[in-house]
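Chemist: Sharing a structure, written as structure tokens. Questions coming.
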Amino acid sequence: MTKRLIFLSLLLFLLSVERVNACSCVPIPPPCEAYKKTHAIFIGLVTEIDPRVKDAQEPPYAHFSIERAFKGITEKEIKMYQGTASGDCSLKFEQGKRYLIYADYDDEGKQFFTSFCTRTTQLEYAAEDLDYLEGLPDSNQGNRLSGMVVKYDYEDSESPSIPELISGVTVIAEREDGKRFEAVTNSQGLYKMLGLLPGRYTVEAKLPSYLIKDDHQPNRVEVPVLGCATAAVLARTDGRLSGTLLDAQGKPASGIYVELIASELSSKLESVAKRPFFGRVEETGDDGHFEFKELKPGSYLLGVNMLRDPDGKNPFRRTFFPGVAKVEEAKLIVLGTGEKLKGYELRMPPRLRVGKIQGVVVWANGKPIAKAYVSLQDSPLPNSRTLTSTETDISGHFTIKALEGQKAWLQGSALIDVEHGIDVMSSEPVKVVVNVRQTFLRLAVSGKPRRGVEIIH
């Protein structure tokens with residue numbers, strides 16, 4: 001993702017929420033470090049959750065039956081604060097679920113507590129921790145590196161992707177001096193290496209041909225002296241779909257967003273279109289080429305403006321592969337596990353007429369704002385939908401392409417520093433009607449930050 005896209009995504013986030021209570025955690029320690037620093041560790045079954053009473057002085061509690069204690073607890077039953085999981089670091093437990101709990105003890109309140117910033121997790125995801133805890137005291141002998149190889153695909157449909165632990169995968173840890181250690185994941189997708197030399201390691205895995213490593217996942221880890229480290233290998237199914245977008249004259253169409261969605265949503269396009277960040281979107285290159293990567297197996301719909309309205313950047317009516325206007329006439333594309341499909345041609349109808357909106361974004365004192373965010377919205381309301389957007393140049397000037405005759409509201413926004421992070425200030429929305437004689441607009445960002453959003457580092 002480019003810096004520009006990161007900037008625009010951040011501004012979209014700031015503009016879309018009223019308040020965020022941030023949960024800031026230091027990196028979660030590996031099992032051996034967590035064991036040393038945590039007061040109590042146990043497996044507990046949630047037997048009951050108190051009902052949440054509005055305006056109650058006491059918070060609701062989750063009640064646990066202790067099934068196995070590893071450290072620091074002799075009670076058979078306890079209760080712990082039942083959180084909301086809404087950004088305050090609390091954990092929201094589910095009745096009937098089993099958890100591996102890493103808990104500390106509040107001497108004043110006389111009760112145990114845990115948080116999102118610990119290794120507490122549902123028991124089915126605790127294989128690495130259980131391997132360490134059940135192996136004590138031998139688990140503490142020498143240096144140790146452990147982790148999992150897990151497949152977690154993107155959410156391309158309404159059916160949630162479920163993490164899958166991959167067994168039989170060779171994991172290689174190579175120290176900076178070239179010293180190599182290897183291990184193979186067991187039936188639970190877990191690997192461990194004992195007796196490593198301390199130092200900095202690069203961790204890789206020999207994945208099956210249908211998988212690819214997540215490039216965003218760090219693969220370097222420090223193994224301390226007489227300590228442990230953990231490194232998970234995150235993989236995705238390496239299915240791919242590529243092709244070329246052609247305009248009405250059969251020429252490659254560059255700079256156009258092509259969409260890919262699960263075919264099961266073909267009857268729900270209008271409702272799905274209102275959800276942000278749904279489906280896949282790729283921009284065509286100069287030669288009209290597009291490619292979707294890391295796709296899980298399934299059947300898909302390919303098209304342009306399936307989930308969005310036509311705009312100045314994508315001036316085409318809704319079109320489905322191979323070049324039809326109705327979803328009932330669309331041809332489904334079926335992708336096998338790890339399959340790479342090529343050569344798909346999507347032909348578009350004639351382009352819609354496009355006009356330009358030009359202007360400048362300034363502070364209240366008239367000083368231009370470079371790299372301000374300018375959005376064309378469907379209403380003047382705070383949570384309105386963004387139709388298209390751009391960024392100002394070094395002189396504060398902007399140009400937005402929009403369909404001729406389109407009625408919308410234009411707004412300029414800028415990030416500012418606040419005491420604990422960043423916030424956003426915006427101009428008043430200005431109503432525009434796009435035409436060939438569009439007036440040069442001046443958007444003044446003034447007043448106090450309206451959203452009160454803070455991002456805590």
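Convention: chains lettered A, B, ... in structure tokens order; per-chain residue numbering from 1; ligands numbered from 1 as shown.
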Kindly assemble as a Markdown table a list of the region 250-328 of chain A residues that lie within 10 Å of region 353-358 of chain A, each paired with its nearest atom pair and their distance in Å to one decimal, using only C-alpha atoms, sorted first by chain and then by ascending residue number.
Modeler:
```
| residue | atom | partner | partner_atom | distance |
| --- | --- | --- | --- | --- |
| A:Asp311 | CA | A:Val354 | CA | 8.1 |
| A:Gly312 | CA | A:Val354 | CA | 5.7 |
| A:Lys313 | CA | A:Val354 | CA | 8.7 |
| A:Asn314 | CA | A:Val354 | CA | 9.7 |
| A:Pro315 | CA | A:Val354 | CA | 7.1 |
| A:Phe316 | CA | A:Arg353 | CA | 9.4 |
```
Chemist: I need the alpha helix (DSSP H) residues of region 110-347 of chain A per DSSP on the backbone, written as a VMD selection string.
Modeler: chain A and resid 127 to 134 269 to 272
Chemist: Using only N, CA and C atoms, please write the residues we just selected to a file, as a short mmCIF file (atom, residue, chain, number, x, y, z; two decimals), in the first residue's frame.
Modeler:
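The file below, result-v5.cif, is the result:
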```cif
data_model
loop_
_atom_site.label_atom_id
_atom_site.label_comp_id
_atom_site.auth_asym_id
_atom_site.auth_seq_id
_atom_site.Cartn_x
_atom_site.Cartn_y
_atom_site.Cartn_z
N ALA A 127 -2.42 -24.03 21.47
CA ALA A 127 -1.56 -25.20 21.35
C ALA A 127 -0.10 -24.89 21.72
N GLU A 128 0.40 -23.74 21.26
CA GLU A 128 1.79 -23.38 21.56
C GLU A 128 2.00 -23.20 23.05
N ASP A 129 1.08 -22.52 23.72
CA ASP A 129 1.19 -22.30 25.17
C ASP A 129 1.09 -23.62 25.92
N LEU A 130 0.14 -24.47 25.53
CA LEU A 130 -0.05 -25.74 26.21
C LEU A 130 1.17 -26.64 26.05
N ASP A 131 1.80 -26.60 24.90
CA ASP A 131 3.01 -27.40 24.69
C ASP A 131 4.09 -27.00 25.68
N TYR A 132 4.22 -25.69 25.89
CA TYR A 132 5.21 -25.20 26.85
C TYR A 132 4.80 -25.54 28.29
N LEU A 133 3.56 -25.24 28.66
CA LEU A 133 3.11 -25.43 30.04
C LEU A 133 3.09 -26.90 30.45
N GLU A 134 2.65 -27.77 29.55
CA GLU A 134 2.58 -29.19 29.87
C GLU A 134 3.95 -29.84 29.88
N LEU A 269 -26.22 -7.60 -4.13
CA LEU A 269 -25.27 -6.55 -4.51
C LEU A 269 -25.62 -5.20 -3.90
N GLU A 270 -26.89 -4.85 -3.85
CA GLU A 270 -27.26 -3.52 -3.35
C GLU A 270 -26.95 -3.38 -1.87
N SER A 271 -27.18 -4.41 -1.07
CA SER A 271 -26.89 -4.33 0.37
C SER A 271 -25.40 -4.40 0.64
N VAL A 272 -24.70 -5.24 -0.12
CA VAL A 272 -23.25 -5.38 0.08
C VAL A 272 -22.52 -4.11 -0.32
#
```
Chemist: Could you pull the residues within 12 Å of Ile400 (chain A), counting only C-alpha atoms, minus those fewer than 3 positions along the same chain, as a PyMOL selection string?
Modeler: chain A and resi 311-313+354-360+373-377+387-392+397+403-404+410-412+432+434+438+440-441
Chemist: Could you write those residues out with N, CA and C atoms, as a compact mmCIF listing (two decimals), in the first residue's frame?
Modeler:
```txt
# COMPACT_ATOMS: atom_id res chain seq x y z
N ASP A 311 -18.10 6.90 -11.28
CA ASP A 311 -17.58 8.22 -10.89
C ASP A 311 -16.56 8.67 -11.92
N GLY A 312 -15.90 9.78 -11.62
CA GLY A 312 -14.95 10.34 -12.58
C GLY A 312 -13.77 9.45 -12.86
N LYS A 313 -13.38 8.60 -11.91
CA LYS A 313 -12.26 7.69 -12.14
C LYS A 313 -12.72 6.42 -12.85
N VAL A 354 -17.34 12.99 -18.34
CA VAL A 354 -16.66 13.35 -17.09
C VAL A 354 -16.32 14.83 -17.08
N GLY A 355 -16.56 15.49 -15.95
CA GLY A 355 -16.16 16.88 -15.76
C GLY A 355 -15.14 16.98 -14.65
N LYS A 356 -14.64 18.18 -14.40
CA LYS A 356 -13.62 18.40 -13.38
C LYS A 356 -14.08 19.43 -12.35
N ILE A 357 -13.74 19.20 -11.11
CA ILE A 357 -13.93 20.18 -10.04
C ILE A 357 -12.54 20.59 -9.58
N GLN A 358 -12.26 21.89 -9.62
CA GLN A 358 -10.94 22.39 -9.23
C GLN A 358 -11.07 23.40 -8.11
N GLY A 359 -10.03 23.50 -7.30
CA GLY A 359 -10.07 24.45 -6.20
C GLY A 359 -8.81 24.41 -5.37
N VAL A 360 -8.89 25.00 -4.18
CA VAL A 360 -7.76 25.07 -3.27
C VAL A 360 -8.27 24.87 -1.84
N TYR A 373 -6.79 16.29 2.38
CA TYR A 373 -7.68 15.26 1.82
C TYR A 373 -8.96 15.96 1.35
N VAL A 374 -9.32 15.77 0.09
CA VAL A 374 -10.52 16.37 -0.48
C VAL A 374 -11.46 15.25 -0.90
N SER A 375 -12.69 15.29 -0.39
CA SER A 375 -13.63 14.21 -0.67
C SER A 375 -14.92 14.76 -1.29
N LEU A 376 -15.45 14.01 -2.22
CA LEU A 376 -16.75 14.29 -2.81
C LEU A 376 -17.72 13.31 -2.17
N GLN A 377 -18.75 13.83 -1.47
CA GLN A 377 -19.61 13.00 -0.64
C GLN A 377 -21.06 13.04 -1.13
N LEU A 387 -17.74 9.46 -2.38
CA LEU A 387 -17.90 9.00 -3.75
C LEU A 387 -16.55 8.90 -4.46
N THR A 388 -15.70 9.88 -4.24
CA THR A 388 -14.34 9.87 -4.76
C THR A 388 -13.52 10.86 -3.95
N SER A 389 -12.22 10.80 -4.07
CA SER A 389 -11.38 11.67 -3.25
C SER A 389 -10.05 11.91 -3.94
N THR A 390 -9.32 12.88 -3.43
CA THR A 390 -7.99 13.18 -3.94
C THR A 390 -7.19 13.89 -2.85
N GLU A 391 -6.00 14.32 -3.20
CA GLU A 391 -5.08 14.98 -2.28
C GLU A 391 -4.60 16.28 -2.92
N THR A 392 -4.42 17.32 -2.12
CA THR A 392 -3.94 18.59 -2.68
C THR A 392 -2.44 18.52 -2.96
N HIS A 397 -3.70 23.06 -4.17
CA HIS A 397 -4.68 22.92 -5.25
C HIS A 397 -5.08 21.46 -5.45
N LEU A 403 -18.66 12.70 -12.67
CA LEU A 403 -19.57 12.60 -13.81
C LEU A 403 -20.32 13.91 -14.02
N GLU A 404 -20.50 14.32 -15.25
CA GLU A 404 -21.22 15.56 -15.55
C GLU A 404 -22.67 15.44 -15.07
N LEU A 410 -18.68 18.74 -1.44
CA LEU A 410 -17.22 18.71 -1.43
C LEU A 410 -16.71 19.19 -0.08
N GLN A 411 -15.70 18.50 0.45
CA GLN A 411 -15.15 18.86 1.76
C GLN A 411 -13.64 18.63 1.78
N GLY A 412 -12.92 19.56 2.42
CA GLY A 412 -11.48 19.43 2.59
C GLY A 412 -11.14 19.13 4.04
N VAL A 432 -22.05 20.98 -4.79
CA VAL A 432 -21.59 21.24 -6.15
C VAL A 432 -22.46 20.46 -7.14
N VAL A 434 -21.65 19.18 -10.98
CA VAL A 434 -20.55 19.11 -11.93
C VAL A 434 -21.03 19.50 -13.33
N GLN A 438 -17.46 24.69 -14.35
CA GLN A 438 -17.36 24.60 -12.90
C GLN A 438 -16.55 25.76 -12.32
N PHE A 440 -14.09 27.70 -9.75
CA PHE A 440 -12.93 27.37 -8.92
C PHE A 440 -13.33 27.56 -7.46
N LEU A 441 -13.17 26.51 -6.65
CA LEU A 441 -13.67 26.52 -5.28
C LEU A 441 -12.56 26.75 -4.26
```
Chemist: Which residues of region 248-270 of chain A sit at most 9 Å from region 318-337 of chain A, using only C-alpha atoms? Give each one's shortest atom pair and distance in Å (one decimal place), in chain and ascending residue order, as a tab-separated table.
Modeler:
```
residue	atom	partner	partner_atom	distance
A:Ser263	CA	A:Leu332	CA	7.0
A:Ser266	CA	A:Val327	CA	6.8
A:Ser267	CA	A:Val327	CA	8.3
```
Chemist: Produce a file of the selected residues containing N, CA and C atoms, as a PDB file, in the first residue's frame.
Modeler:
```pdb
ATOM      1  N   SER A 263     -19.435 -15.238  -5.634  1.00  0.00           N
ATOM      2  CA  SER A 263     -20.669 -15.347  -6.408  1.00  0.00           C
ATOM      3  C   SER A 263     -21.903 -15.487  -5.531  1.00  0.00           C
ATOM      4  N   SER A 266     -24.287 -12.526  -5.399  1.00  0.00           N
ATOM      5  CA  SER A 266     -24.876 -11.990  -6.629  1.00  0.00           C
ATOM      6  C   SER A 266     -26.294 -11.476  -6.433  1.00  0.00           C
ATOM      7  N   SER A 267     -27.003 -12.032  -5.462  1.00  0.00           N
ATOM      8  CA  SER A 267     -28.379 -11.587  -5.209  1.00  0.00           C
ATOM      9  C   SER A 267     -28.452 -10.505  -4.137  1.00  0.00           C
TER      10      SER A 267
END
```
Chemist: Let me make sure I understand: among A:Arg52, A:Arg144, A:Arg442, A:Lys251, which one has the smallest atom-to-atom distance to Lys192 (chain A) if we use only C-alpha atoms?
Modeler: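 Checking each of A:Arg52, A:Arg144, A:Arg442, A:Lys251 against Lys192 (chain A), counting only C-alpha atoms, the winner is A:Arg144.
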Chemist: Using only C-alpha atoms, which of A:Ser187, A:Thr244, A:Pro368, A:Ala69 sits nearest Phe398 (chain A)?
Modeler: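 Among the listed residues, the smallest separation from Phe398 (chain A) belongs to A:Pro368.
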Chemist: Which residues are close to Arg98 (chain A), i.e. within 7 Å by only C-alpha atoms, leaving aside same-chain residues fewer than 2 positions away? Reply as number ranges by chain.
Modeler: A: 43-46, 96, 122-123
Chemist: In region 213-381 of chain A, what's strand (DSSP E or B) per DSSP? Answer as a PyMOL selection string?
Modeler: chain A and resi 213+220-223+228-230+233-237+239-246+252+257-262+280-283+289-295+298-304+319-320+324+333-335+340-347+354-363+368+373-377
Chemist: With only C-alpha atoms as the basis for distance, which of A:Ser146, A:Gln141, A:Thr120, A:Ser242 is at the shortest distance from Thr230 (chain A)?
Modeler: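 Of A:Ser146, A:Gln141, A:Thr120, A:Ser242, the one nearest Thr230 (chain A) is A:Ser146, counting only C-alpha atoms.
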Chemist: Excluding region 286-299 of chain A and its own-chain neighbours fewer than 5 positions away, which residues fall within 9 Å of it when counting only C-alpha atoms? Please give them as number ranges by chain.
Modeler: A: 153-154, 156, 211-212, 236-246, 251-258, 260-264, 280-281, 332-340, 342
Chemist: Suppose we keep C-alpha atoms; can you now write the selection as a PDB file, in the first residue's frame?
Modeler:
```
ATOM      1  CA  ASP A 153      -7.373 -16.383   4.041  1.00  0.00           C
ATOM      2  CA  TYR A 154      -8.928 -12.994   3.330  1.00  0.00           C
ATOM      3  CA  ASP A 156     -13.930 -12.687   0.320  1.00  0.00           C
ATOM      4  CA  LEU A 211       0.186 -21.564  -0.145  1.00  0.00           C
ATOM      5  CA  ILE A 212       2.183 -18.341  -0.055  1.00  0.00           C
ATOM      6  CA  ARG A 236      -2.606 -17.622   2.543  1.00  0.00           C
ATOM      7  CA  THR A 237      -3.984 -19.710  -0.310  1.00  0.00           C
ATOM      8  CA  ASP A 238      -2.128 -18.660  -3.470  1.00  0.00           C
ATOM      9  CA  GLY A 239      -5.026 -18.597  -5.921  1.00  0.00           C
ATOM     10  CA  ARG A 240      -4.771 -15.976  -8.691  1.00  0.00           C
ATOM     11  CA  LEU A 241      -6.941 -14.454 -11.401  1.00  0.00           C
ATOM     12  CA  SER A 242      -5.632 -12.080 -14.069  1.00  0.00           C
ATOM     13  CA  GLY A 243      -6.759 -10.526 -17.315  1.00  0.00           C
ATOM     14  CA  THR A 244      -7.191  -7.342 -19.347  1.00  0.00           C
ATOM     15  CA  LEU A 245      -9.831  -4.603 -19.243  1.00  0.00           C
ATOM     16  CA  LEU A 246     -10.848  -3.278 -22.662  1.00  0.00           C
ATOM     17  CA  LYS A 251      -8.315  -0.779 -26.435  1.00  0.00           C
ATOM     18  CA  PRO A 252      -6.738  -1.392 -22.994  1.00  0.00           C
ATOM     19  CA  ALA A 253      -8.368   0.748 -20.272  1.00  0.00           C
ATOM     20  CA  SER A 254      -5.800   1.929 -17.714  1.00  0.00           C
ATOM     21  CA  GLY A 255      -6.345   3.314 -14.214  1.00  0.00           C
ATOM     22  CA  ILE A 256      -9.751   1.629 -13.751  1.00  0.00           C
ATOM     23  CA  TYR A 257     -10.781  -0.251 -10.612  1.00  0.00           C
ATOM     24  CA  VAL A 258     -11.771  -3.853 -11.315  1.00  0.00           C
ATOM     25  CA  LEU A 260     -13.983  -9.338  -7.604  1.00  0.00           C
ATOM     26  CA  ILE A 261     -16.611 -10.699  -5.204  1.00  0.00           C
ATOM     27  CA  ALA A 262     -17.859 -14.125  -4.144  1.00  0.00           C
ATOM     28  CA  SER A 263     -20.669 -15.347  -6.408  1.00  0.00           C
ATOM     29  CA  GLU A 264     -22.875 -16.104  -3.398  1.00  0.00           C
ATOM     30  CA  ARG A 280     -11.413  -7.171  -3.788  1.00  0.00           C
ATOM     31  CA  VAL A 281     -10.399  -4.181  -5.909  1.00  0.00           C
ATOM     32  CA  LEU A 332     -19.085 -17.138 -12.979  1.00  0.00           C
ATOM     33  CA  ILE A 333     -15.368 -17.823 -12.611  1.00  0.00           C
ATOM     34  CA  VAL A 334     -14.561 -20.979 -10.625  1.00  0.00           C
ATOM     35  CA  LEU A 335     -11.136 -21.103  -8.963  1.00  0.00           C
ATOM     36  CA  GLY A 336      -9.580 -24.262  -7.531  1.00  0.00           C
ATOM     37  CA  THR A 337      -7.221 -24.412  -4.549  1.00  0.00           C
ATOM     38  CA  GLY A 338      -4.045 -22.540  -5.500  1.00  0.00           C
ATOM     39  CA  GLU A 339      -5.126 -22.337  -9.158  1.00  0.00           C
ATOM     40  CA  LYS A 340      -3.751 -19.525 -11.360  1.00  0.00           C
ATOM     41  CA  LYS A 342      -5.057 -16.072 -16.794  1.00  0.00           C
TER      42      LYS A 342
END
```
Chemist: Nearest to Leu197 (chain A): which of A:Ala235, A:Leu145, A:Val169, A:Asp417 is it, counting only C-alpha atoms?
Modeler: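 Looking at the shortest contact to Leu197 (chain A), the residue is A:Leu145.
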Chemist: Mind giving me the straight-line distance from CA of Val430 (chain A) to CA of Ser395 (chain A) in Å, one decimal?
Modeler: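 Separating CA of Val430 (chain A) from CA of Ser395 (chain A) is a distance of 20.5 Å.
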Chemist: Kindly indicate which residue among A:Lys37, A:Lys213, A:Lys431, A:Lys76 lies nearest to Leu234 (chain A), using only C-alpha atoms for the distances.
Modeler: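 For Leu234 (chain A), the nearest of the given residues is A:Lys213.
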